[in-house]
file model17.json (JSON, C-alpha atoms and all ligand atoms)
[["chain", "number", "residue", "atom", "x", "y", "z"],
["E", 7, "MET", "CA", 14.05, -62.79, 71.59],
["E", 8, "THR", "CA", 13.64, -66.03, 73.60],
["E", 9, "ASP", "CA", 10.56, -66.92, 71.61],
["E", 10, "PHE", "CA", 12.24, -66.09, 68.31],
["E", 11, "ALA", "CA", 15.22, -68.32, 69.17],
["E", 12, "TYR", "CA", 12.86, -71.29, 69.60],
["E", 13, "ARG", "CA", 11.21, -70.61, 66.26],
["E", 14, "LEU", "CA", 14.47, -70.30, 64.32],
["E", 15, "PRO", "CA", 14.87, -73.98, 63.30],
["E", 16, "ALA", "CA", 11.45, -74.11, 61.60],
["E", 17, "ILE", "CA", 12.06, -70.73, 59.93],
["E", 18, "ILE", "CA", 15.38, -71.89, 58.53],
["E", 19, "ASP", "CA", 13.91, -75.20, 57.32],
["E", 20, "THR", "CA", 11.22, -73.35, 55.35],
["E", 21, "LEU", "CA", 13.72, -70.88, 53.91],
["E", 22, "ALA", "CA", 16.02, -73.74, 52.86],
["E", 23, "GLU", "CA", 13.16, -75.65, 51.24],
["E", 24, "HIS", "CA", 11.32, -72.84, 49.43],
["E", 25, "GLY", "CA", 13.81, -69.97, 49.28],
["E", 26, "TRP", "CA", 11.41, -67.67, 51.08],
["E", 27, "VAL", "CA", 9.50, -67.55, 54.37],
["E", 28, "VAL", "CA", 7.06, -65.25, 56.18],
["E", 29, "VAL", "CA", 7.70, -64.81, 59.91],
["E", 30, "ASP", "CA", 4.93, -63.14, 61.91],
["E", 31, "ASP", "CA", 5.63, -61.54, 65.31],
["E", 32, "PHE", "CA", 9.35, -61.25, 64.64],
["E", 33, "LEU", "CA", 9.29, -58.56, 67.37],
["E", 34, "SER", "CA", 6.60, -57.74, 69.96],
["E", 35, "SER", "CA", 3.97, -55.14, 69.08],
["E", 36, "ALA", "CA", 5.52, -52.73, 71.63],
["E", 37, "GLU", "CA", 8.92, -53.13, 69.95],
["E", 38, "VAL", "CA", 7.38, -52.60, 66.52],
["E", 39, "ALA", "CA", 5.56, -49.47, 67.71],
["E", 40, "ALA", "CA", 8.81, -48.06, 69.13],
["E", 41, "LEU", "CA", 10.62, -48.69, 65.84],
["E", 42, "ARG", "CA", 7.82, -47.10, 63.89],
["E", 43, "SER", "CA", 7.96, -43.98, 66.13],
["E", 44, "GLU", "CA", 11.71, -43.82, 65.66],
["E", 45, "GLY", "CA", 11.25, -44.03, 61.88],
["E", 46, "GLU", "CA", 8.64, -41.28, 61.94],
["E", 47, "ARG", "CA", 10.83, -39.10, 64.17],
["E", 48, "ARG", "CA", 13.80, -39.50, 61.83],
["E", 49, "HIS", "CA", 11.56, -38.80, 58.83],
["E", 50, "THR", "CA", 10.21, -35.60, 60.40],
["E", 51, "ALA", "CA", 13.78, -34.61, 61.28],
["E", 52, "GLY", "CA", 14.65, -34.75, 57.57],
["E", 53, "GLU", "CA", 16.97, -37.75, 57.86],
["E", 54, "PHE", "CA", 15.44, -39.66, 54.93],
["E", 55, "HIS", "CA", 16.43, -39.27, 51.28],
["E", 56, "ARG", "CA", 14.83, -40.51, 48.09],
["E", 57, "ALA", "CA", 15.97, -44.06, 47.34],
["E", 58, "GLY", "CA", 18.00, -44.50, 44.20],
["E", 59, "VAL", "CA", 18.25, -47.17, 41.57],
["E", 60, "GLY", "CA", 21.51, -48.76, 40.41],
["E", 61, "ARG", "CA", 24.88, -49.57, 41.91],
["E", 62, "ALA", "CA", 26.15, -47.78, 45.00],
["E", 63, "ASN", "CA", 28.39, -45.36, 43.12],
["E", 64, "GLU", "CA", 25.97, -44.59, 40.31],
["E", 65, "GLN", "CA", 22.60, -44.25, 42.03],
["E", 66, "HIS", "CA", 19.91, -42.05, 40.56],
["E", 67, "VAL", "CA", 16.31, -41.31, 41.53],
["E", 68, "ARG", "CA", 13.74, -42.80, 39.14],
["E", 69, "ASP", "CA", 10.13, -41.82, 39.84],
["E", 70, "ASP", "CA", 8.92, -44.46, 37.39],
["E", 71, "ILE", "CA", 10.70, -47.32, 39.21],
["E", 72, "ARG", "CA", 10.50, -46.60, 42.95],
["E", 73, "THR", "CA", 9.03, -43.82, 45.07],
["E", 74, "ASP", "CA", 10.20, -44.64, 48.58],
["E", 75, "ASP", "CA", 12.51, -42.62, 50.76],
["E", 76, "VAL", "CA", 14.98, -44.32, 53.06],
["E", 77, "ARG", "CA", 17.32, -43.86, 56.00],
["E", 78, "TRP", "CA", 20.13, -46.34, 56.64],
["E", 79, "LEU", "CA", 20.48, -47.78, 60.13],
["E", 80, "ASP", "CA", 23.86, -46.99, 61.61],
["E", 81, "PRO", "CA", 25.40, -50.10, 63.24],
["E", 82, "LEU", "CA", 27.77, -47.85, 65.18],
["E", 83, "ASP", "CA", 24.96, -45.70, 66.57],
["E", 84, "ARG", "CA", 22.18, -48.07, 67.60],
["E", 85, "LEU", "CA", 19.26, -46.30, 69.22],
["E", 86, "PRO", "CA", 17.36, -48.08, 72.03],
["E", 87, "ALA", "CA", 14.30, -48.62, 69.83],
["E", 88, "GLU", "CA", 16.50, -50.38, 67.27],
["E", 89, "LEU", "CA", 18.23, -52.80, 69.65],
["E", 90, "PRO", "CA", 15.65, -55.64, 69.59],
["E", 91, "TYR", "CA", 15.80, -55.59, 65.78],
["E", 92, "TRP", "CA", 19.62, -55.80, 65.74],
["E", 93, "THR", "CA", 19.58, -58.59, 68.35],
["E", 94, "CYS", "CA", 17.11, -60.78, 66.47],
["E", 95, "ILE", "CA", 18.76, -60.16, 63.09],
["E", 96, "ALA", "CA", 22.12, -61.18, 64.61],
["E", 97, "ALA", "CA", 20.54, -64.39, 65.94],
["E", 98, "LEU", "CA", 19.08, -65.06, 62.49],
["E", 99, "GLN", "CA", 22.41, -64.45, 60.77],
["E", 100, "ALA", "CA", 24.26, -66.76, 63.19],
["E", 101, "ALA", "CA", 21.68, -69.54, 62.73],
["E", 102, "LEU", "CA", 21.79, -69.23, 58.92],
["E", 103, "ASN", "CA", 25.56, -69.57, 58.99],
["E", 104, "ARG", "CA", 25.45, -72.50, 61.41],
["E", 105, "GLU", "CA", 22.68, -74.46, 59.65],
["E", 106, "LEU", "CA", 23.05, -73.51, 55.99],
["E", 107, "TYR", "CA", 26.74, -72.47, 55.80],
["E", 108, "LEU", "CA", 25.82, -69.20, 54.09],
["E", 109, "GLY", "CA", 28.98, -67.40, 55.19],
["E", 110, "LEU", "CA", 27.09, -64.20, 56.03],
["E", 111, "ARG", "CA", 29.45, -61.51, 57.28],
["E", 112, "ASP", "CA", 27.27, -58.48, 57.91],
["E", 113, "GLY", "CA", 24.07, -56.72, 56.98],
["E", 114, "GLU", "CA", 22.83, -53.39, 55.64],
["E", 115, "PHE", "CA", 19.38, -52.14, 56.64],
["E", 116, "HIS", "CA", 17.31, -49.06, 56.03],
["E", 117, "TYR", "CA", 14.00, -47.62, 57.13],
["E", 118, "ALA", "CA", 11.79, -47.25, 54.10],
["E", 119, "HIS", "CA", 8.76, -45.01, 53.79],
["E", 120, "TYR", "CA", 6.40, -45.20, 50.80],
["E", 121, "PRO", "CA", 3.94, -42.31, 50.57],
["E", 122, "ALA", "CA", 0.32, -43.19, 49.75],
["E", 123, "GLY", "CA", 0.28, -44.37, 46.13],
["E", 124, "GLY", "CA", 3.99, -45.30, 46.35],
["E", 125, "PHE", "CA", 5.43, -48.38, 44.67],
["E", 126, "TYR", "CA", 8.56, -50.23, 43.66],
["E", 127, "GLN", "CA", 8.41, -51.92, 40.25],
["E", 128, "ARG", "CA", 9.36, -55.56, 39.74],
["E", 129, "HIS", "CA", 13.06, -56.08, 40.43],
["E", 130, "ARG", "CA", 15.66, -58.32, 42.00],
["E", 131, "ASP", "CA", 17.89, -57.20, 44.88],
["E", 132, "ARG", "CA", 21.23, -58.41, 43.67],
["E", 133, "PHE", "CA", 23.31, -56.49, 41.16],
["E", 134, "ARG", "CA", 24.92, -58.49, 38.38],
["E", 135, "ASP", "CA", 28.41, -57.38, 39.35],
["E", 136, "ASN", "CA", 27.99, -57.61, 43.12],
["E", 137, "THR", "CA", 27.19, -60.93, 44.72],
["E", 138, "ALA", "CA", 27.30, -59.78, 48.35],
["E", 139, "ARG", "CA", 23.55, -59.73, 49.03],
["E", 140, "VAL", "CA", 22.36, -63.22, 49.96],
["E", 141, "ILE", "CA", 19.17, -62.90, 52.01],
["E", 142, "SER", "CA", 16.66, -60.05, 51.64],
["E", 143, "CYS", "CA", 14.87, -59.16, 54.90],
["E", 144, "VAL", "CA", 11.76, -56.96, 54.87],
["E", 145, "PHE", "CA", 10.23, -56.09, 58.24],
["E", 146, "TYR", "CA", 6.91, -54.24, 58.33],
["E", 147, "LEU", "CA", 5.86, -51.55, 60.81],
["E", 148, "ASN", "CA", 2.22, -50.90, 59.84],
["E", 149, "GLU", "CA", -0.36, -51.42, 62.60],
["E", 150, "ASN", "CA", -3.74, -52.86, 61.58],
["E", 151, "TRP", "CA", -2.98, -53.03, 57.89],
["E", 152, "GLN", "CA", -6.10, -53.94, 55.91],
["E", 153, "ASP", "CA", -5.87, -56.09, 52.78],
["E", 154, "SER", "CA", -8.01, -53.51, 50.96],
["E", 155, "GLU", "CA", -5.27, -50.89, 51.54],
["E", 156, "GLY", "CA", -2.96, -52.64, 49.05],
["E", 157, "GLY", "CA", 0.77, -52.20, 49.51],
["E", 158, "HIS", "CA", 1.47, -55.91, 49.20],
["E", 159, "LEU", "CA", 4.89, -57.34, 48.56],
["E", 160, "ARG", "CA", 4.41, -59.35, 45.35],
["E", 161, "LEU", "CA", 6.86, -62.23, 45.21],
["E", 162, "TRP", "CA", 7.09, -64.23, 41.99],
["E", 163, "LEU", "CA", 7.86, -67.91, 42.53],
["E", 164, "ASP", "CA", 9.29, -68.68, 39.08],
["E", 165, "ALA", "CA", 12.81, -67.83, 37.94],
["E", 166, "GLU", "CA", 11.65, -65.37, 35.25],
["E", 167, "GLY", "CA", 9.26, -63.47, 37.51],
["E", 168, "GLN", "CA", 6.36, -63.79, 35.10],
["E", 169, "GLY", "CA", 4.27, -66.68, 36.41],
["E", 170, "GLU", "CA", 2.79, -67.60, 39.75],
["E", 171, "TYR", "CA", 3.20, -65.13, 42.60],
["E", 172, "ARG", "CA", 2.25, -64.58, 46.23],
["E", 173, "ASP", "CA", 1.08, -61.28, 47.70],
["E", 174, "VAL", "CA", 2.13, -60.57, 51.30],
["E", 175, "ALA", "CA", 0.50, -57.74, 53.26],
["E", 176, "PRO", "CA", 2.92, -55.37, 55.06],
["E", 177, "GLN", "CA", 1.47, -56.14, 58.49],
["E", 178, "ALA", "CA", 3.19, -54.85, 61.64],
["E", 179, "GLY", "CA", 5.62, -57.41, 63.10],
["E", 180, "ARG", "CA", 5.89, -59.45, 59.90],
["E", 181, "LEU", "CA", 9.34, -60.31, 58.55],
["E", 182, "VAL", "CA", 9.72, -61.70, 55.03],
["E", 183, "LEU", "CA", 12.96, -63.42, 54.06],
["E", 184, "PHE", "CA", 13.93, -64.53, 50.57],
["E", 185, "THR", "CA", 17.08, -65.28, 48.64],
["E", 186, "SER", "CA", 18.16, -62.04, 46.98],
["E", 187, "GLU", "CA", 19.53, -63.68, 43.85],
["E", 188, "ARG", "CA", 16.47, -65.67, 42.90],
["E", 189, "PHE", "CA", 13.26, -63.78, 43.55],
["E", 190, "TRP", "CA", 11.65, -61.13, 41.40],
["E", 191, "HIS", "CA", 9.42, -58.95, 43.55],
["E", 192, "ALA", "CA", 7.57, -55.63, 43.63],
["E", 193, "VAL", "CA", 5.80, -53.31, 46.06],
["E", 194, "GLN", "CA", 2.17, -52.68, 45.08],
["E", 195, "PRO", "CA", 0.72, -49.17, 45.55],
["E", 196, "ALA", "CA", -1.03, -48.59, 48.88],
["E", 197, "SER", "CA", -3.73, -46.17, 49.92],
["E", 198, "ARG", "CA", -1.84, -45.11, 53.06],
["E", 199, "PRO", "CA", 1.84, -44.52, 53.90],
["E", 200, "ARG", "CA", 3.80, -47.74, 54.30],
["E", 201, "TRP", "CA", 6.71, -48.19, 56.70],
["E", 202, "SER", "CA", 9.32, -50.94, 56.88],
["E", 203, "ILE", "CA", 12.90, -51.77, 57.66],
["E", 204, "THR", "CA", 14.39, -53.42, 54.61],
["E", 205, "GLY", "CA", 17.81, -54.95, 54.47],
["E", 206, "TRP", "CA", 20.18, -57.59, 53.26],
["E", 207, "LEU", "CA", 22.40, -60.14, 54.94],
["E", 208, "ARG", "CA", 25.67, -60.18, 53.02],
["E", 209, "ARG", "CA", 28.66, -62.36, 52.45],
["E", 210, "ALA", "CA", 32.06, -61.20, 51.29],
["E", 211, "GLU", "CA", 31.86, -59.92, 47.74],
["E", 212, "ILE", "CA", 33.27, -62.39, 45.19],
["C", 1, "LIG", "C1", 13.27, -53.28, 48.42],
["C", 1, "LIG", "C2", 12.00, -54.05, 48.41],
["C", 1, "LIG", "C3", 9.97, -54.78, 49.51],
["C", 1, "LIG", "C4", 8.93, -54.31, 50.48],
["C", 1, "LIG", "O1", 13.36, -52.29, 49.18],
["C", 1, "LIG", "O2", 14.19, -53.67, 47.67],
["C", 1, "LIG", "O3", 11.83, -54.84, 47.52],
["C", 1, "LIG", "O4", 7.95, -55.05, 50.68],
["C", 1, "LIG", "N1", 11.09, -53.90, 49.41],
["C", 1, "LIG", "O5", 9.07, -53.22, 51.02],
["C", 2, "MN", "MN", 13.71, -55.42, 46.65]]
call {"tool": "encode", "arguments": {"input": "model17.json", "output": "structure tokens"}}
result
Amino acid sequence: MTDFAYRLPAIIDTLAEHGWVVVDDFLSSAEVAALRSEGERRHTAGEFHRAGVGRANEQHVRDDIRTDDVRWLDPLDRLPAELPYWTCIAALQAALNRELYLGLRDGEFHYAHYPAGGFYQRHRDRFRDNTARVISCVFYLNENWQDSEGGHLRLWLDAEGQGEYRDVAPQAGRLVLFTSERFWHAVQPASRPRWSITGWLRRAEI
């Protein structure tokens, strides 16, 4: 956490300038491994469910759009393995409010597991009728990910999501932040299961 606090100003500068930033070593490798084990334990315990598409009250599973299963983190029941994540996300949220006046009030985060061959088609994270999601945060839990295994986050840099893009490998310890409203993105199929904690920092809905 100490180290992350020192790196925050540069991270926020890059996010403010480009609208997205990649942060490696957001947590230590021991902390990432503990989170990954917790995710796997919860998955084995049957706590995950297939992720839906659409607004909260009208979600439905669409095999042609996304194939991940998810488990929401419970802010009122934080397990030891999850504490470093909560601490660093809180520091990030406070710094974003202080430096960029984003007015972030809370966050929602879930473990996500993509089976081998899994994907999430090109999309944006903010619903037209709900402006609460401001910053998308994707944190990867995959040790020794090889580029050849695929599974990249594809982030389009243009407003229409049809031009230039960047591919980011889902490497353990890597956090990707981007503004939820602006960026079209997709998860490319991978040859092995892919684990992450994905979430959104939110402001009051307007
Ligand atoms: C999402 C998403 C990206 C990733 O869950 O909305 O876009 O790299 N995830 O897992
Ligand atoms: Mn997304």
call {"tool": "residues_near_ligand", "arguments": {"input": "model17.json", "ligand": "ligand LIG 1 (chain C)", "cutoff": "7 Å", "atoms": "all atoms listed in the file", "output": "CSV table (one decimal) with C-alpha atoms, in the coordinates of the input"}}
result
chain,number,residue,atom,x,y,z
E,126,TYR,CA,8.6,-50.2,43.7
E,131,ASP,CA,17.9,-57.2,44.9
E,144,VAL,CA,11.8,-57.0,54.9
E,158,HIS,CA,1.5,-55.9,49.2
E,159,LEU,CA,4.9,-57.3,48.6
E,176,PRO,CA,2.9,-55.4,55.1
E,191,HIS,CA,9.4,-59.0,43.6
E,192,ALA,CA,7.6,-55.6,43.6
E,193,VAL,CA,5.8,-53.3,46.1
E,202,SER,CA,9.3,-50.9,56.9
E,204,THR,CA,14.4,-53.4,54.6
call {"tool": "closest_residue", "arguments": {"input": "model17.json", "among": "E:Glu114, E:Asp173, E:Glu88, E:Asp153", "to": "Glu44 (chain E)", "atoms": "all atoms listed in the file"}}
result
E:Glu88
call {"tool": "closest_residue", "arguments": {"input": "model17.json", "among": "E:Val28, E:Leu163, E:Cys143, E:Leu110", "to": "ligand MN 2 (chain C)", "atoms": "all atoms listed in the file"}}
result
E:Cys143
call {"tool": "closest_residue", "arguments": {"input": "model17.json", "among": "E:Glu37, E:Glu187, E:Asp80, E:Asp164", "to": "ligand MN 2 (chain C)", "atoms": "only C-alpha atoms and all ligand atoms"}}
result
E:Glu187
call {"tool": "atom_distance", "arguments": {"input": "model17.json", "atom1": "CA of Arg188 (chain E)", "atom2": "CA of His116 (chain E)"}}
result
21.2 Å
call {"tool": "closest_residue", "arguments": {"input": "model17.json", "among": "E:Asn103, E:Arg72, E:Gly109, E:Asn136", "to": "ligand MN 2 (chain C)", "atoms": "only C-alpha atoms and all ligand atoms"}}
result
E:Arg72
call {"tool": "atom_distance", "arguments": {"input": "model17.json", "atom1": "CA of Ser142 (chain E)", "atom2": "CA of Glu46 (chain E)"}}
result
22.9 Å
call {"tool": "atom_distance", "arguments": {"input": "model17.json", "atom1": "CA of Cys94 (chain E)", "atom2": "CA of Tyr146 (chain E)"}}
result
14.6 Å
call {"tool": "residues_near_point", "arguments": {"input": "model17.json", "point": "(-0.7, -44.9, 50.7)", "cutoff": "12 Å", "atoms": "only C-alpha atoms", "output": "list in words"}}
result
Thr73, Asp74, His119, Tyr120, Pro121, Ala122, Gly123, Gly124, Phe125, Asn148, Trp151, Gln152, Ser154, Glu155, Gly156, Gly157, His158, Pro176, Val193, Gln194, Pro195, Ala196, Ser197, Arg198, Pro199, Arg200 and Trp201 of chain E
call {"tool": "closest_residue", "arguments": {"input": "model17.json", "among": "E:Leu14, E:Val38, E:Ala175, E:Val59", "to": "ligand MN 2 (chain C)", "atoms": "all atoms listed in the file"}}
result
E:Val59
call {"tool": "residues_around", "arguments": {"input": "model17.json", "residues": "region 208-210 of chain E", "least_positions_apart": "5", "cutoff": "9 Å", "atoms": "all atoms listed in the file", "output": "MDAnalysis selection string"}}
result
chainID E and resid 108:114 137:141
call {"tool": "decode", "arguments": {"input": "model17.json", "residues": "region 82-195 of chain E", "atoms": "C-alpha atoms", "output": "PDB file, in the first residue's frame"}}
result
ATOM      1  CA  LEU E  82     -19.963  -5.815   4.505  1.00  0.00           C
ATOM      2  CA  ASP E  83     -18.189  -9.172   4.609  1.00  0.00           C
ATOM      3  CA  ARG E  84     -14.586  -8.544   3.588  1.00  0.00           C
ATOM      4  CA  LEU E  85     -12.442 -11.651   3.760  1.00  0.00           C
ATOM      5  CA  PRO E  86      -8.776 -11.297   4.795  1.00  0.00           C
ATOM      6  CA  ALA E  87      -7.542 -12.061   1.277  1.00  0.00           C
ATOM      7  CA  GLU E  88      -9.688  -9.207  -0.055  1.00  0.00           C
ATOM      8  CA  LEU E  89      -8.543  -6.519   2.389  1.00  0.00           C
ATOM      9  CA  PRO E  90      -5.454  -5.265   0.476  1.00  0.00           C
ATOM     10  CA  TYR E  91      -7.638  -4.838  -2.618  1.00  0.00           C
ATOM     11  CA  TRP E  92     -10.272  -2.834  -0.712  1.00  0.00           C
ATOM     12  CA  THR E  93      -7.577  -0.689   0.934  1.00  0.00           C
ATOM     13  CA  CYS E  94      -5.847   0.234  -2.324  1.00  0.00           C
ATOM     14  CA  ILE E  95      -9.120   0.834  -4.176  1.00  0.00           C
ATOM     15  CA  ALA E  96     -10.223   3.171  -1.358  1.00  0.00           C
ATOM     16  CA  ALA E  97      -6.929   5.082  -1.658  1.00  0.00           C
ATOM     17  CA  LEU E  98      -7.452   5.318  -5.418  1.00  0.00           C
ATOM     18  CA  GLN E  99     -11.021   6.564  -5.023  1.00  0.00           C
ATOM     19  CA  ALA E 100      -9.983   9.212  -2.467  1.00  0.00           C
ATOM     20  CA  ALA E 101      -7.135  10.451  -4.696  1.00  0.00           C
ATOM     21  CA  LEU E 102      -9.410  10.626  -7.769  1.00  0.00           C
ATOM     22  CA  ASN E 103     -11.893  12.717  -5.823  1.00  0.00           C
ATOM     23  CA  ARG E 104      -9.189  14.969  -4.402  1.00  0.00           C
ATOM     24  CA  GLU E 105      -7.285  15.533  -7.660  1.00  0.00           C
ATOM     25  CA  LEU E 106      -9.953  15.267 -10.356  1.00  0.00           C
ATOM     26  CA  TYR E 107     -13.140  16.136  -8.413  1.00  0.00           C
ATOM     27  CA  LEU E 108     -14.893  13.022  -9.720  1.00  0.00           C
ATOM     28  CA  GLY E 109     -17.355  12.847  -6.825  1.00  0.00           C
ATOM     29  CA  LEU E 110     -17.012   9.071  -6.512  1.00  0.00           C
ATOM     30  CA  ARG E 111     -19.228   7.721  -3.752  1.00  0.00           C
ATOM     31  CA  ASP E 112     -18.717   3.970  -3.792  1.00  0.00           C
ATOM     32  CA  GLY E 113     -17.737   1.003  -5.904  1.00  0.00           C
ATOM     33  CA  GLU E 114     -19.087  -2.357  -7.049  1.00  0.00           C
ATOM     34  CA  PHE E 115     -16.672  -5.194  -7.771  1.00  0.00           C
ATOM     35  CA  HIS E 116     -16.921  -8.816  -8.779  1.00  0.00           C
ATOM     36  CA  TYR E 117     -14.637 -11.766  -9.303  1.00  0.00           C
ATOM     37  CA  ALA E 118     -14.867 -12.833 -12.918  1.00  0.00           C
ATOM     38  CA  HIS E 119     -13.899 -16.201 -14.328  1.00  0.00           C
ATOM     39  CA  TYR E 120     -13.748 -16.851 -18.080  1.00  0.00           C
ATOM     40  CA  PRO E 121     -13.436 -20.529 -19.012  1.00  0.00           C
ATOM     41  CA  ALA E 122     -10.911 -21.402 -21.729  1.00  0.00           C
ATOM     42  CA  GLY E 123     -12.304 -20.019 -24.998  1.00  0.00           C
ATOM     43  CA  GLY E 124     -14.392 -17.457 -23.064  1.00  0.00           C
ATOM     44  CA  PHE E 125     -14.924 -13.913 -24.294  1.00  0.00           C
ATOM     45  CA  TYR E 126     -16.856 -10.692 -23.859  1.00  0.00           C
ATOM     46  CA  GLN E 127     -17.826  -8.940 -27.093  1.00  0.00           C
ATOM     47  CA  ARG E 128     -17.120  -5.257 -27.705  1.00  0.00           C
ATOM     48  CA  HIS E 129     -19.142  -3.105 -25.307  1.00  0.00           C
ATOM     49  CA  ARG E 130     -19.130  -0.073 -23.060  1.00  0.00           C
ATOM     50  CA  ASP E 131     -19.663  -0.285 -19.297  1.00  0.00           C
ATOM     51  CA  ARG E 132     -22.146   2.491 -18.799  1.00  0.00           C
ATOM     52  CA  PHE E 133     -25.839   2.071 -19.474  1.00  0.00           C
ATOM     53  CA  ARG E 134     -27.576   4.869 -21.331  1.00  0.00           C
ATOM     54  CA  ASP E 135     -30.032   5.468 -18.511  1.00  0.00           C
ATOM     55  CA  ASN E 136     -27.602   5.086 -15.621  1.00  0.00           C
ATOM     56  CA  THR E 137     -24.662   7.432 -15.310  1.00  0.00           C
ATOM     57  CA  ALA E 138     -23.306   6.104 -12.010  1.00  0.00           C
ATOM     58  CA  ARG E 139     -20.298   4.198 -13.375  1.00  0.00           C
ATOM     59  CA  VAL E 140     -17.371   6.582 -13.857  1.00  0.00           C
ATOM     60  CA  ILE E 141     -14.147   4.561 -13.731  1.00  0.00           C
ATOM     61  CA  SER E 142     -13.853   0.914 -14.814  1.00  0.00           C
ATOM     62  CA  CYS E 143     -11.233  -1.050 -12.852  1.00  0.00           C
ATOM     63  CA  VAL E 144     -10.032  -4.451 -14.076  1.00  0.00           C
ATOM     64  CA  PHE E 145      -7.530  -6.293 -11.894  1.00  0.00           C
ATOM     65  CA  TYR E 146      -5.953  -9.505 -13.196  1.00  0.00           C
ATOM     66  CA  LEU E 147      -5.090 -12.600 -11.164  1.00  0.00           C
ATOM     67  CA  ASN E 148      -3.320 -14.814 -13.745  1.00  0.00           C
ATOM     68  CA  GLU E 149       0.231 -15.880 -12.862  1.00  0.00           C
ATOM     69  CA  ASN E 150       2.731 -16.126 -15.733  1.00  0.00           C
ATOM     70  CA  TRP E 151       0.277 -15.237 -18.451  1.00  0.00           C
ATOM     71  CA  GLN E 152       1.842 -15.731 -21.894  1.00  0.00           C
ATOM     72  CA  ASP E 153       0.962 -13.419 -24.782  1.00  0.00           C
ATOM     73  CA  SER E 154       0.328 -16.504 -26.932  1.00  0.00           C
ATOM     74  CA  GLU E 155      -2.493 -17.543 -24.553  1.00  0.00           C
ATOM     75  CA  GLY E 156      -4.677 -14.659 -25.763  1.00  0.00           C
ATOM     76  CA  GLY E 157      -7.277 -13.300 -23.363  1.00  0.00           C
ATOM     77  CA  HIS E 158      -6.263  -9.698 -23.948  1.00  0.00           C
ATOM     78  CA  LEU E 159      -8.389  -6.758 -22.980  1.00  0.00           C
ATOM     79  CA  ARG E 160      -8.873  -4.900 -26.275  1.00  0.00           C
ATOM     80  CA  LEU E 161      -9.382  -1.199 -25.661  1.00  0.00           C
ATOM     81  CA  TRP E 162     -10.369   0.988 -28.599  1.00  0.00           C
ATOM     82  CA  LEU E 163      -8.965   4.507 -28.431  1.00  0.00           C
ATOM     83  CA  ASP E 164     -11.495   6.225 -30.715  1.00  0.00           C
ATOM     84  CA  ALA E 165     -14.992   7.276 -29.688  1.00  0.00           C
ATOM     85  CA  GLU E 166     -16.738   4.855 -32.083  1.00  0.00           C
ATOM     86  CA  GLY E 167     -14.675   1.825 -31.079  1.00  0.00           C
ATOM     87  CA  GLN E 168     -13.772   0.965 -34.654  1.00  0.00           C
ATOM     88  CA  GLY E 169     -10.274   2.355 -35.169  1.00  0.00           C
ATOM     89  CA  GLU E 170      -7.004   2.101 -33.318  1.00  0.00           C
ATOM     90  CA  TYR E 171      -6.876  -0.156 -30.271  1.00  0.00           C
ATOM     91  CA  ARG E 172      -4.489  -1.457 -27.623  1.00  0.00           C
ATOM     92  CA  ASP E 173      -4.363  -5.047 -26.397  1.00  0.00           C
ATOM     93  CA  VAL E 174      -3.493  -5.534 -22.710  1.00  0.00           C
ATOM     94  CA  ALA E 175      -2.552  -8.985 -21.392  1.00  0.00           C
ATOM     95  CA  PRO E 176      -4.379 -10.088 -18.200  1.00  0.00           C
ATOM     96  CA  GLN E 177      -1.146 -10.460 -16.229  1.00  0.00           C
ATOM     97  CA  ALA E 178      -1.254 -11.082 -12.464  1.00  0.00           C
ATOM     98  CA  GLY E 179      -1.033  -7.840 -10.460  1.00  0.00           C
ATOM     99  CA  ARG E 180      -2.021  -5.609 -13.370  1.00  0.00           C
ATOM    100  CA  LEU E 181      -4.812  -3.072 -12.875  1.00  0.00           C
ATOM    101  CA  VAL E 182      -6.356  -1.314 -15.878  1.00  0.00           C
ATOM    102  CA  LEU E 183      -8.398   1.840 -15.321  1.00  0.00           C
ATOM    103  CA  PHE E 184     -10.471   3.630 -17.946  1.00  0.00           C
ATOM    104  CA  THR E 185     -13.404   5.995 -18.065  1.00  0.00           C
ATOM    105  CA  SER E 186     -16.534   3.854 -18.298  1.00  0.00           C
ATOM    106  CA  GLU E 187     -18.444   6.260 -20.506  1.00  0.00           C
ATOM    107  CA  ARG E 188     -15.892   6.635 -23.246  1.00  0.00           C
ATOM    108  CA  PHE E 189     -14.115   3.383 -24.022  1.00  0.00           C
ATOM    109  CA  TRP E 190     -15.332   0.525 -26.165  1.00  0.00           C
ATOM    110  CA  HIS E 191     -13.572  -2.664 -25.115  1.00  0.00           C
ATOM    111  CA  ALA E 192     -13.725  -6.452 -25.387  1.00  0.00           C
ATOM    112  CA  VAL E 193     -12.205  -9.573 -23.847  1.00  0.00           C
ATOM    113  CA  GLN E 194     -10.448 -11.757 -26.428  1.00  0.00           C
ATOM    114  CA  PRO E 195     -10.754 -15.564 -26.134  1.00  0.00           C
TER     115      PRO E 195
END
